[in-house]
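The next block holds one structure in the form of structure tokens; read it before the comments.
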Amino acid sequence: MSFRSIAEIAGSAMTAQSVRLNTIASNLANAGTVADSEAAVYRARKPVFAAIAERSSDHSAGAAVRVLDVVQSTEPVRKAYEPDNPLANDEGIVFYPNVNPVAEMTDMMAASRAFETNVEVMSRVKSMQQALLRLGQE
Amino acid sequence: MAIHFDKALGLHAEALKLRAERTRVLAANLANESTPGYQARDIDFQASLQRALQDDAIGLHSSTRSAEALYRVPNHPAQDGNTVELGVEQAEFSQNASDFQTSLTFVNMKLRGLKQAIEG
């Protein structure tokens, strides 16, 4: 029966979405973390998802999710002139991370909805499976 | 006179199996909602059921063959090549789960009928 692989698929998606939520939390937490050089400043992180197609011939259409990598955003970081800041460099400049808090918030909502969808899939499949186990009893 | 369970249950057993198969395909679509380049798939239920019944009629064993999954045509193609549309997939998934329940109810009714016939 194909129910077992459904749990695997939905589980892999939940793992992937929680990695995504993790990076979002990290990005939002570090949105105001300044640094004294462009190299040292925090850069927004983003996970890259990929589908793993099942290999066996009778399961041709199932595809779990895998987190390939977590990449750093290449968008330019923001420079600010803040000579009072203890982290400022010799010219009085600090570097702010390239985190866009609004984009992160919307991404967070998308990620948590996707997570909930998979939880719903799991609970629905569970009730289908239990109904199947009661076959012939009612 | 012998009772053949396969014949007694009719197409509902086959339908139940296909519904379970389709649940897996739709669950995979929902799981890959945010995977770039993922192509949503689905099973043509009617065609698959037809083929399964034909195979049964000529005596092919049904576990050797699996339903063919086709690719879904998106209403709004996305930039990243992902063709999963959350609303569509959720609707299909919940409809499929209800249809599974329906097939299950039919199988249960058939079994109850058989039981009644046996017990008298």
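Identifiers in this document derive from the order of the structure tokens: chains are assigned A, B, ..., residues are numbered from 1 separately in each chain, and ligands are numbered from 1 in order of occurrence.
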
Residues near Asp42 (chain B), cut-off 12 Å, only C-alpha atoms, skip fewer than 3 positions along chain, as a CSV table (one decimal) with C-alpha atoms, in the first residue's frame:
chain,number,residue,atom,x,y,z
A,60,SER,CA,6.8,6.4,-10.5
A,61,ALA,CA,5.0,9.6,-9.4
A,62,GLY,CA,6.1,10.2,-5.7
B,18,LEU,CA,-6.4,3.7,-7.3
B,19,ARG,CA,-7.6,6.3,-4.8
B,21,GLU,CA,-2.3,5.7,-5.3
B,22,ARG,CA,-3.7,9.1,-6.3
B,23,THR,CA,-3.5,10.3,-2.7
B,24,ARG,CA,0.3,9.6,-2.8
B,25,VAL,CA,0.7,11.6,-6.1
B,26,LEU,CA,-1.3,14.5,-4.7
B,27,ALA,CA,0.6,14.4,-1.4
B,28,ALA,CA,3.8,14.6,-3.4
B,29,ASN,CA,2.5,17.7,-5.3
B,30,LEU,CA,1.6,19.4,-2.0
B,39,GLN,CA,6.1,19.5,-12.2
B,45,PHE,CA,-8.6,8.1,-12.6
B,46,GLN,CA,-11.2,7.1,-15.1
B,48,SER,CA,-6.7,4.0,-15.0
B,67,ALA,CA,-1.3,3.8,-12.6
B,68,GLU,CA,0.2,6.1,-15.1
B,69,ALA,CA,0.9,9.6,-13.8
B,70,LEU,CA,0.4,12.5,-16.2
B,71,TYR,CA,1.6,16.1,-15.8
B,72,ARG,CA,-0.7,18.8,-14.8
B,73,VAL,CA,-1.2,21.9,-17.0
B,74,PRO,CA,-1.0,24.9,-14.7
B,83,THR,CA,3.5,23.9,-11.7
B,84,VAL,CA,1.9,23.2,-8.3
B,88,VAL,CA,-6.1,23.2,-7.0
B,89,GLU,CA,-4.1,20.5,-5.3
B,92,GLU,CA,-8.2,17.6,-5.5
B,93,PHE,CA,-6.7,16.1,-2.4
B,96,ASN,CA,-9.9,12.4,-3.5

Distance of CA of Thr74 (chain A) from CA of Ser37 (chain A), expressed in Å to one decimal place: 15.6 Å

Near chain B, 6 Å: chain A residue rows, closest pairs, only C-alpha atoms, as JSON lines:
{"residue": "A:Ile6", "atom": "CA", "partner": "B:Arg24", "partner_atom": "CA", "distance": 5.3}
{"residue": "A:Ala10", "atom": "CA", "partner": "B:Ala31", "partner_atom": "CA", "distance": 5.7}
{"residue": "A:Ala13", "atom": "CA", "partner": "B:Ala31", "partner_atom": "CA", "distance": 4.9}
{"residue": "A:Phe49", "atom": "CA", "partner": "B:Thr35", "partner_atom": "CA", "distance": 5.1}
{"residue": "A:Ala50", "atom": "CA", "partner": "B:Thr35", "partner_atom": "CA", "distance": 5.6}
{"residue": "A:Asp58", "atom": "CA", "partner": "B:Ser66", "partner_atom": "CA", "distance": 5.7}
{"residue": "A:Ala61", "atom": "CA", "partner": "B:Val25", "partner_atom": "CA", "distance": 5.8}
{"residue": "A:Gly62", "atom": "CA", "partner": "B:Ala28", "partner_atom": "CA", "distance": 5.5}
{"residue": "A:Ala63", "atom": "CA", "partner": "B:Ala28", "partner_atom": "CA", "distance": 5.3}
{"residue": "A:Gly136", "atom": "CA", "partner": "B:Asn108", "partner_atom": "CA", "distance": 5.4}

In chain A, DSSP helix (DSSP H, G or I) residues written as a ChimeraX atom specification: /A:3-29,101-133

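In this comparison, which uses only C-alpha atoms, the residue of A:Val119, A:Ala131, A:Val77, A:Ala110 approaching Pro97 (chain A) most closely is A:Val77.
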
Residue set, chain A restricted to strand (DSSP E), as an MDAnalysis selection string: chainID A and resid 45:53 63:72 78:81 93:96

7 Å contact set for Ala31 (chain A), only C-alpha atoms, chain neighbours under 2 positions out, as a ChimeraX atom specification: /A:27-29,33,97,99

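Summary of the local environment: counting only C-alpha atoms, residues at most 9 Å from Asn98 (chain A), other than itself and those fewer than 4 positions away along its chain, are Ala31, Val41, Tyr42, Arg43, Ala44, Ser73, Thr74, Glu75, Pro76, Val77 and Arg78 of chain A.
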
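Our summary of the geometry notes that CA of Ile52 (chain A) is positioned 5.3 Å from CA of Ala64 (chain A).
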
What lies within 12 Å of region 103-105 of chain A using only C-alpha atoms, ignoring chain neighbours under 6 positions off, as a PDB file with C-alpha atoms, in the first residue's frame?
ATOM      1  CA  ARG A  20      13.102  27.386   5.691  1.00  0.00           C
ATOM      2  CA  LEU A  21      11.513  28.746   8.885  1.00  0.00           C
ATOM      3  CA  ASN A  22      14.873  28.362  10.600  1.00  0.00           C
ATOM      4  CA  THR A  23      16.665  30.512   8.041  1.00  0.00           C
ATOM      5  CA  ILE A  24      13.859  33.089   8.219  1.00  0.00           C
ATOM      6  CA  ALA A  25      14.170  33.262  12.007  1.00  0.00           C
ATOM      7  CA  SER A  26      17.922  33.688  11.669  1.00  0.00           C
ATOM      8  CA  ASN A  27      17.500  36.405   9.027  1.00  0.00           C
ATOM      9  CA  LEU A  28      14.952  38.338  11.063  1.00  0.00           C
ATOM     10  CA  ALA A  29      16.968  38.021  14.258  1.00  0.00           C
ATOM     11  CA  ASN A  30      20.049  39.398  12.526  1.00  0.00           C
ATOM     12  CA  ALA A  31      18.278  42.099  10.530  1.00  0.00           C
ATOM     13  CA  ALA A  44      20.374  36.724   4.312  1.00  0.00           C
ATOM     14  CA  ARG A  45      20.243  32.937   4.015  1.00  0.00           C
ATOM     15  CA  LYS A  46      17.861  31.012   1.784  1.00  0.00           C
ATOM     16  CA  ALA A 111       6.436  28.540   4.924  1.00  0.00           C
ATOM     17  CA  SER A 112       4.097  28.036   7.865  1.00  0.00           C
TER      18      SER A 112
END

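Residue nearest Pro83 (chain A) within the list A:Val71, A:Ala40, A:Asp107, A:Phe95: A:Phe95 [criterion: smallest interatomic distance, only C-alpha atoms].
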